[in-house]
Amino acid sequence: MPGGHAFFRRHADRRIDEEDLAARTPVLRDFIRGMERDIGARPVVVGFSNGAIMAAAMLMSHPDLLAGAVLLRPLSPFAAPPPVDLGGVPVLVLDGAQDERRAAGDGALLAGDLRGMRAAVTHEVLPVGHAITAQDTSMAKVWLQETFPDRDVTF
């Protein structure tokens, strides 16, 4: 996005512009569907911060699109989550207990929303801030290897 680092706009108070987010998901959906044809499988996505918000929006907007997701420092993309069935899609949510860019409980709220949509959610709160740490990459790698043993996991 011009002048910013997000895939979507935010309001002045930092709330997500859900209308803009909804308008942007079809472009990413089409890209992912093209990638799926190239690799022959539904992809597993890894998103950090705004990327994690966008990945969560993709899960909630297009429940048949992704095989799974790792969401680092996310928050829920929608004030009212859509009524979708994620059919057990595995999701790892990693929060930072000292994350200065998220309110306490943001990740837990998203994890609860995803569980309500029947995702298989693993949620952990790490003693870290907003940045990605070695603990994040280690946990994500182990989770990915255990959850998707037939896929090549490289970090």
# chains A, B, ... in the order shown; residues from 1 in each chain; ligands from 1
call {"tool": "select_by_dssp", "arguments": {"residues": "region 10-122 of chain A", "states": "helix (DSSP H, G or I)", "output": "ChimeraX atom specification"}}
result
/A:18-39,50-61,106-116
call {"tool": "write_last_selection", "arguments": {"atoms": "C-alpha atoms", "output": "PDB file, in the first residue's frame"}}
result
ATOM      1  CA  GLU A  18     -12.814  -4.085   6.736  1.00  0.00           C
ATOM      2  CA  GLU A  19     -14.334  -2.864   3.473  1.00  0.00           C
ATOM      3  CA  ASP A  20     -10.860  -2.278   2.013  1.00  0.00           C
ATOM      4  CA  LEU A  21      -9.649  -5.616   3.371  1.00  0.00           C
ATOM      5  CA  ALA A  22     -12.581  -7.430   1.740  1.00  0.00           C
ATOM      6  CA  ALA A  23     -11.851  -5.676  -1.563  1.00  0.00           C
ATOM      7  CA  ARG A  24      -8.219  -6.828  -1.501  1.00  0.00           C
ATOM      8  CA  THR A  25      -8.731 -10.503  -0.645  1.00  0.00           C
ATOM      9  CA  PRO A  26      -9.877 -11.592  -4.143  1.00  0.00           C
ATOM     10  CA  VAL A  27      -6.549 -10.526  -5.688  1.00  0.00           C
ATOM     11  CA  LEU A  28      -4.584 -12.553  -3.133  1.00  0.00           C
ATOM     12  CA  ARG A  29      -7.051 -15.447  -3.436  1.00  0.00           C
ATOM     13  CA  ASP A  30      -6.472 -15.595  -7.193  1.00  0.00           C
ATOM     14  CA  PHE A  31      -2.696 -15.494  -6.705  1.00  0.00           C
ATOM     15  CA  ILE A  32      -2.846 -18.334  -4.173  1.00  0.00           C
ATOM     16  CA  ARG A  33      -5.081 -20.419  -6.439  1.00  0.00           C
ATOM     17  CA  GLY A  34      -2.516 -19.997  -9.236  1.00  0.00           C
ATOM     18  CA  MET A  35       0.252 -21.063  -6.860  1.00  0.00           C
ATOM     19  CA  GLU A  36      -1.823 -24.080  -5.823  1.00  0.00           C
ATOM     20  CA  ARG A  37      -1.967 -25.201  -9.455  1.00  0.00           C
ATOM     21  CA  ASP A  38       1.818 -24.795  -9.718  1.00  0.00           C
ATOM     22  CA  ILE A  39       2.676 -26.756  -6.557  1.00  0.00           C
ATOM     23  CA  ASN A  50      -0.246  -7.277   9.046  1.00  0.00           C
ATOM     24  CA  GLY A  51       0.602 -10.372   7.009  1.00  0.00           C
ATOM     25  CA  ALA A  52      -0.905 -12.513   9.777  1.00  0.00           C
ATOM     26  CA  ILE A  53      -4.041 -10.366   9.742  1.00  0.00           C
ATOM     27  CA  MET A  54      -4.294 -10.813   5.967  1.00  0.00           C
ATOM     28  CA  ALA A  55      -3.701 -14.577   6.280  1.00  0.00           C
ATOM     29  CA  ALA A  56      -6.472 -14.780   8.898  1.00  0.00           C
ATOM     30  CA  ALA A  57      -8.762 -12.827   6.567  1.00  0.00           C
ATOM     31  CA  MET A  58      -7.982 -15.307   3.782  1.00  0.00           C
ATOM     32  CA  LEU A  59      -8.827 -18.237   6.067  1.00  0.00           C
ATOM     33  CA  MET A  60     -12.107 -16.641   7.102  1.00  0.00           C
ATOM     34  CA  SER A  61     -13.101 -15.381   3.645  1.00  0.00           C
ATOM     35  CA  ASP A 106      -5.802  -9.915  20.582  1.00  0.00           C
ATOM     36  CA  GLY A 107      -4.314 -13.261  19.563  1.00  0.00           C
ATOM     37  CA  ALA A 108      -6.487 -15.170  22.010  1.00  0.00           C
ATOM     38  CA  LEU A 109      -9.579 -13.498  20.538  1.00  0.00           C
ATOM     39  CA  LEU A 110      -8.535 -14.531  17.025  1.00  0.00           C
ATOM     40  CA  ALA A 111      -7.724 -18.060  18.220  1.00  0.00           C
ATOM     41  CA  GLY A 112     -11.203 -18.262  19.765  1.00  0.00           C
ATOM     42  CA  ASP A 113     -12.828 -16.981  16.579  1.00  0.00           C
ATOM     43  CA  LEU A 114     -10.954 -19.598  14.537  1.00  0.00           C
ATOM     44  CA  ARG A 115     -11.881 -22.364  16.986  1.00  0.00           C
ATOM     45  CA  GLY A 116     -15.513 -21.282  16.637  1.00  0.00           C
TER      46      GLY A 116
END
call {"tool": "closest_residue", "arguments": {"among": "A:His62, A:His130, A:Arg118, A:His123", "to": "Ser49 (chain A)", "atoms": "only C-alpha atoms"}}
result
A:His130
call {"tool": "residues_around", "arguments": {"residues": "Gln135 (chain A)", "least_positions_apart": "6", "cutoff": "10 Å", "atoms": "only C-alpha atoms", "output": "list of chain:residue names"}}
result
A:Leu94, A:Leu126, A:Pro127, A:Val128, A:Lys141
call {"tool": "write_last_selection", "arguments": {"atoms": "N, CA and C atoms", "output": "compact mmCIF listing (two decimals), in the first residue's frame"}}
result
# COMPACT_ATOMS: atom_id res chain seq x y z
N LEU A 94 0.90 -17.35 17.36
CA LEU A 94 1.96 -17.02 18.31
C LEU A 94 1.88 -15.53 18.66
N LEU A 126 4.25 -16.02 23.91
CA LEU A 126 5.68 -16.08 24.19
C LEU A 126 6.10 -14.84 24.97
N PRO A 127 7.16 -14.93 25.77
CA PRO A 127 7.61 -13.78 26.56
C PRO A 127 8.45 -12.82 25.73
N VAL A 128 7.85 -12.28 24.67
CA VAL A 128 8.58 -11.44 23.72
C VAL A 128 7.70 -10.26 23.31
N LYS A 141 8.63 -23.98 13.09
CA LYS A 141 9.24 -25.08 12.34
C LYS A 141 8.80 -26.43 12.88
call {"tool": "closest_residue", "arguments": {"among": "A:Ile16, A:Val44, A:Ala131, A:Ala80", "to": "Val153 (chain A)", "atoms": "only C-alpha atoms"}}
result
A:Val44
call {"tool": "select_by_dssp", "arguments": {"residues": "chain A", "states": "strand (DSSP E)", "output": "PyMOL selection string"}}
result
chain A and resi 44-48+68-72+90-96+120-126
call {"tool": "closest_residue", "arguments": {"among": "A:Val93, A:Met117, A:Val142, A:Ala134", "to": "Ala69 (chain A)", "atoms": "only C-alpha atoms"}}
result
A:Val93
call {"tool": "residues_around", "arguments": {"residues": "Gly68 (chain A)", "least_positions_apart": "6", "cutoff": "7 Å", "atoms": "only C-alpha atoms", "output": "ChimeraX atom specification"}}
result
/A:44-45,89-91
call {"tool": "atom_distance", "arguments": {"atom1": "CA of Leu65 (chain A)", "atom2": "CA of Arg102 (chain A)"}}
result
26.9 Å
call {"tool": "residues_around", "arguments": {"residues": "Met139 (chain A)", "least_positions_apart": "3", "cutoff": "12 Å", "atoms": "only C-alpha atoms", "output": "PDB file with C-alpha atoms, in the first residue's frame"}}
result
ATOM      1  CA  VAL A  70       1.139 -19.824  11.033  1.00  0.00           C
ATOM      2  CA  LEU A  71       0.052 -16.431  12.386  1.00  0.00           C
ATOM      3  CA  LEU A  72       2.706 -14.413  14.210  1.00  0.00           C
ATOM      4  CA  LEU A  92      -0.678 -21.851  14.864  1.00  0.00           C
ATOM      5  CA  VAL A  93      -1.114 -18.463  16.575  1.00  0.00           C
ATOM      6  CA  LEU A  94       1.958 -17.020  18.313  1.00  0.00           C
ATOM      7  CA  ASP A  95       1.492 -13.902  20.460  1.00  0.00           C
ATOM      8  CA  THR A 122      -2.659 -24.062  18.669  1.00  0.00           C
ATOM      9  CA  HIS A 123      -2.215 -20.759  20.514  1.00  0.00           C
ATOM     10  CA  GLU A 124       0.906 -19.787  22.436  1.00  0.00           C
ATOM     11  CA  VAL A 125       1.902 -16.571  24.185  1.00  0.00           C
ATOM     12  CA  LEU A 126       5.678 -16.080  24.192  1.00  0.00           C
ATOM     13  CA  ILE A 132       9.962 -12.309  15.268  1.00  0.00           C
ATOM     14  CA  THR A 133      12.350 -14.207  17.539  1.00  0.00           C
ATOM     15  CA  ALA A 134      14.321 -17.442  17.401  1.00  0.00           C
ATOM     16  CA  GLN A 135      11.649 -18.936  19.673  1.00  0.00           C
ATOM     17  CA  ASP A 136       8.980 -18.101  17.062  1.00  0.00           C
ATOM     18  CA  VAL A 142       8.428 -27.868  14.797  1.00  0.00           C
ATOM     19  CA  TRP A 143       4.678 -27.247  14.439  1.00  0.00           C
ATOM     20  CA  LEU A 144       4.902 -27.280  10.640  1.00  0.00           C
ATOM     21  CA  GLN A 145       6.998 -30.479  10.609  1.00  0.00           C
ATOM     22  CA  GLU A 146       4.583 -32.235  12.973  1.00  0.00           C
ATOM     23  CA  THR A 147       1.426 -30.935  11.300  1.00  0.00           C
ATOM     24  CA  PHE A 155      13.552 -21.683   7.396  1.00  0.00           C
TER      25      PHE A 155
END
call {"tool": "atom_distance", "arguments": {"atom1": "CA of Leu66 (chain A)", "atom2": "CA of Asp17 (chain A)"}}
result
23.1 Å
